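> Below is the structure I would like to discuss, written out as structure tokens.
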Amino acid sequence: MGGADSWASAGWWVWALAPVGVLLVVAGLSWLASHLRRVGIRSVSLPDSGEDGRLRLRLAALADAVAAAAESRLATESASGSVGSGPDAGVVEVTVTARHDASLTELRRDLAAVDAEVATATGGAVPVRYLVRVHRPPRNAATT
């Protein structure tokens, strides 16, 4: 028993276990943070829908529809939509990948047309933010 008593009375083991405890607390907090639900706006009432909000619009469905409308335009190659969270809650965010040979004027005209359709359909109740990326041109193996 003398060995156990001397080990328990030694002061070094507290300092050896302190970093392990800190790591466990950090791991637990990160696990909790990853499992928290994001607080955001899932749907909005459309204008003139009455006091009880009968006409509600799911923002995720609107984001998908706006992305599909943007993708169908000539200047775009692909598009994806999402709904913002946190300070951007209630904002539909559409990421558009433009063709490498598309003109910015053509792309701006296409996105303005999509934005006008969204404003007409929602009565201007939902803001839309567009992020435009330009697809790189294909590399030509034989450049001389």
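Residue numbering restarts at 1 for every chain of the structure tokens, chains are lettered A, B, ... in their displayed order, and ligands are numbered from 1 as they appear.
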When DSSP is applied to the backbone of this structure, which of range 68-134 of chain A are assigned helix (DSSP H, G or I)? Write them out as a PyMOL selection string.
chain A and resi 68-71+86-88+104-122
> Give me, as JSON lines, the closest atom pair and its distance (Å, one decimal) for every residue of range 47-119 of chain A within a cut-off of 6 Å of range 128-134 of chain A, counting only C-alpha atoms, rows sorted by chain and rising number.

```
{"residue": "A:Val91", "atom": "CA", "partner": "A:Val128", "partner_atom": "CA", "distance": 5.8}
{"residue": "A:Val92", "atom": "CA", "partner": "A:Val128", "partner_atom": "CA", "distance": 4.7}
{"residue": "A:Glu93", "atom": "CA", "partner": "A:Arg129", "partner_atom": "CA", "distance": 4.8}
{"residue": "A:Val94", "atom": "CA", "partner": "A:Tyr130", "partner_atom": "CA", "distance": 4.9}
{"residue": "A:Thr95", "atom": "CA", "partner": "A:Leu131", "partner_atom": "CA", "distance": 4.7}
{"residue": "A:Val96", "atom": "CA", "partner": "A:Val132", "partner_atom": "CA", "distance": 4.8}
{"residue": "A:Thr97", "atom": "CA", "partner": "A:Arg133", "partner_atom": "CA", "distance": 4.7}
{"residue": "A:Ala98", "atom": "CA", "partner": "A:Val134", "partner_atom": "CA", "distance": 4.7}
{"residue": "A:His100", "atom": "CA", "partner": "A:Val134", "partner_atom": "CA", "distance": 5.8}
```
> Could the residues in this selection be written to a file with N, CA, C and O atoms, as a JSON list (two decimals), in the first residue's frame?

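Output file selection_23.json follows:
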```
[["chain", "number", "residue", "atom", "x", "y", "z"],
["A", 91, "VAL", "N", -33.22, 35.15, -46.05],
["A", 91, "VAL", "CA", -32.67, 35.54, -47.35],
["A", 91, "VAL", "C", -32.40, 34.28, -48.15],
["A", 91, "VAL", "O", -31.77, 33.34, -47.68],
["A", 92, "VAL", "N", -32.90, 34.25, -49.38],
["A", 92, "VAL", "CA", -32.62, 33.14, -50.28],
["A", 92, "VAL", "C", -31.28, 33.43, -50.96],
["A", 92, "VAL", "O", -31.10, 34.50, -51.54],
["A", 93, "GLU", "N", -30.37, 32.49, -50.86],
["A", 93, "GLU", "CA", -29.04, 32.65, -51.45],
["A", 93, "GLU", "C", -28.89, 31.68, -52.61],
["A", 93, "GLU", "O", -29.08, 30.48, -52.45],
["A", 94, "VAL", "N", -28.58, 32.22, -53.78],
["A", 94, "VAL", "CA", -28.43, 31.41, -54.99],
["A", 94, "VAL", "C", -27.00, 31.54, -55.50],
["A", 94, "VAL", "O", -26.53, 32.66, -55.73],
["A", 95, "THR", "N", -26.32, 30.42, -55.63],
["A", 95, "THR", "CA", -24.97, 30.41, -56.18],
["A", 95, "THR", "C", -25.07, 29.97, -57.63],
["A", 95, "THR", "O", -25.56, 28.88, -57.92],
["A", 96, "VAL", "N", -24.62, 30.83, -58.53],
["A", 96, "VAL", "CA", -24.72, 30.58, -59.96],
["A", 96, "VAL", "C", -23.32, 30.42, -60.52],
["A", 96, "VAL", "O", -22.44, 31.23, -60.24],
["A", 97, "THR", "N", -23.11, 29.37, -61.30],
["A", 97, "THR", "CA", -21.86, 29.20, -62.03],
["A", 97, "THR", "C", -22.12, 29.57, -63.48],
["A", 97, "THR", "O", -22.94, 28.95, -64.15],
["A", 98, "ALA", "N", -21.45, 30.62, -63.92],
["A", 98, "ALA", "CA", -21.65, 31.11, -65.28],
["A", 98, "ALA", "C", -20.72, 30.38, -66.24],
["A", 98, "ALA", "O", -19.64, 29.92, -65.85],
["A", 100, "HIS", "N", -17.95, 30.00, -69.06],
["A", 100, "HIS", "CA", -16.71, 30.77, -69.18],
["A", 100, "HIS", "C", -16.77, 31.79, -70.31],
["A", 100, "HIS", "O", -16.09, 32.80, -70.28]]
```
> Given only C-alpha atoms as the basis, pick out the residue of A:Leu74, A:Val114, A:Val66, A:Leu57 nearest to Ser45 in chain A.
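Under the stated criterion, the closest residue is A:Leu57.
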> Pick out each residue of range 11-67 of chain A that DSSP on the backbone tags as strand (DSSP E or B); I need them as a list in words.
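Here are the strand (DSSP E or B) residues of range 11-67 of chain A: Ser43, Val44, Ser45, Arg56, Leu57 and Arg58 of chain A.
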> Mind giving me the straight-line distance from CA of Ala33 in chain A to CA of Ser85 in chain A in Å, one decimal?
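Distance reported for this atom pair: 15.1 Å.
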> I'd like to know which of A:Leu17, A:Ala60, A:Leu24, A:Leu111 is closest to Ser72 in chain A, using only C-alpha atoms.
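Of the candidates, the smallest distance to Ser72 in chain A is held by A:Leu111.
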> Find the residues near Gly123 in chain A: any atom within 10 Å, counting only C-alpha atoms, skip ones fewer than 4 places away on the same chain, and give them as a PyMOL selection string.
chain A and resi 46-48+117-119
> Please produce a file of those selected residues containing N, CA and C atoms, as a short mmCIF file (atom, residue, chain, number, x, y, z; two decimals), in the first residue's frame.

```cif
data_model
loop_
_atom_site.label_atom_id
_atom_site.label_comp_id
_atom_site.auth_asym_id
_atom_site.auth_seq_id
_atom_site.Cartn_x
_atom_site.Cartn_y
_atom_site.Cartn_z
N LEU A 46 -47.02 35.41 -47.23
CA LEU A 46 -47.03 36.28 -48.40
C LEU A 46 -47.96 37.46 -48.15
N PRO A 47 -47.68 38.59 -48.79
CA PRO A 47 -48.57 39.76 -48.63
C PRO A 47 -49.99 39.41 -49.05
N ASP A 48 -50.94 40.06 -48.40
CA ASP A 48 -52.38 39.87 -48.68
C ASP A 48 -52.83 38.45 -48.39
N GLU A 117 -39.10 37.82 -61.57
CA GLU A 117 -40.09 36.75 -61.41
C GLU A 117 -40.31 36.44 -59.92
N VAL A 118 -39.23 36.40 -59.16
CA VAL A 118 -39.34 36.13 -57.72
C VAL A 118 -40.10 37.25 -57.03
N ALA A 119 -39.77 38.49 -57.36
CA ALA A 119 -40.45 39.63 -56.74
C ALA A 119 -41.93 39.63 -57.07
#
```
> Contacts of Ala68 in chain A at 8 Å or less, counting only C-alpha atoms, minus same-chain residues fewer than 3 places along, as a ChimeraX atom specification?
/A:64-65,71-72,79-80
> Go ahead and save the residues from that selection, with N, CA, C and O atoms, as a PDB file, in the first residue's frame.

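Just written: result-v3.pdb:
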```
ATOM      1  N   ASP A  64     -34.847  26.412 -54.137  1.00  0.00           N
ATOM      2  CA  ASP A  64     -34.684  25.419 -55.206  1.00  0.00           C
ATOM      3  C   ASP A  64     -35.289  25.909 -56.516  1.00  0.00           C
ATOM      4  O   ASP A  64     -34.714  25.715 -57.588  1.00  0.00           O
ATOM      5  N   ALA A  65     -36.459  26.554 -56.441  1.00  0.00           N
ATOM      6  CA  ALA A  65     -37.114  27.047 -57.650  1.00  0.00           C
ATOM      7  C   ALA A  65     -36.319  28.185 -58.295  1.00  0.00           C
ATOM      8  O   ALA A  65     -36.186  28.236 -59.525  1.00  0.00           O
ATOM      9  N   GLU A  71     -30.683  28.385 -63.465  1.00  0.00           N
ATOM     10  CA  GLU A  71     -29.921  27.389 -64.233  1.00  0.00           C
ATOM     11  C   GLU A  71     -30.449  27.228 -65.650  1.00  0.00           C
ATOM     12  O   GLU A  71     -29.714  26.870 -66.565  1.00  0.00           O
ATOM     13  N   SER A  72     -31.735  27.523 -65.847  1.00  0.00           N
ATOM     14  CA  SER A  72     -32.317  27.361 -67.182  1.00  0.00           C
ATOM     15  C   SER A  72     -31.952  28.503 -68.119  1.00  0.00           C
ATOM     16  O   SER A  72     -32.239  28.427 -69.314  1.00  0.00           O
ATOM     17  N   ALA A  79     -26.634  26.068 -60.988  1.00  0.00           N
ATOM     18  CA  ALA A  79     -27.060  26.943 -59.901  1.00  0.00           C
ATOM     19  C   ALA A  79     -27.551  26.091 -58.747  1.00  0.00           C
ATOM     20  O   ALA A  79     -28.075  24.990 -58.951  1.00  0.00           O
ATOM     21  N   SER A  80     -27.359  26.592 -57.536  1.00  0.00           N
ATOM     22  CA  SER A  80     -27.889  25.920 -56.349  1.00  0.00           C
ATOM     23  C   SER A  80     -28.410  26.985 -55.401  1.00  0.00           C
ATOM     24  O   SER A  80     -27.897  28.103 -55.354  1.00  0.00           O
TER      25      SER A  80
END
```
> Have a look at CA of Asp101 in chain A and CA of Pro127 in chain A and let me know their distance in Å, one decimal.
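Between CA of Asp101 in chain A and CA of Pro127 in chain A the gap is 28.5 Å.
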> Separation of CA of Arg73 in chain A and CA of Leu104 in chain A, in Å?
13.1 Å
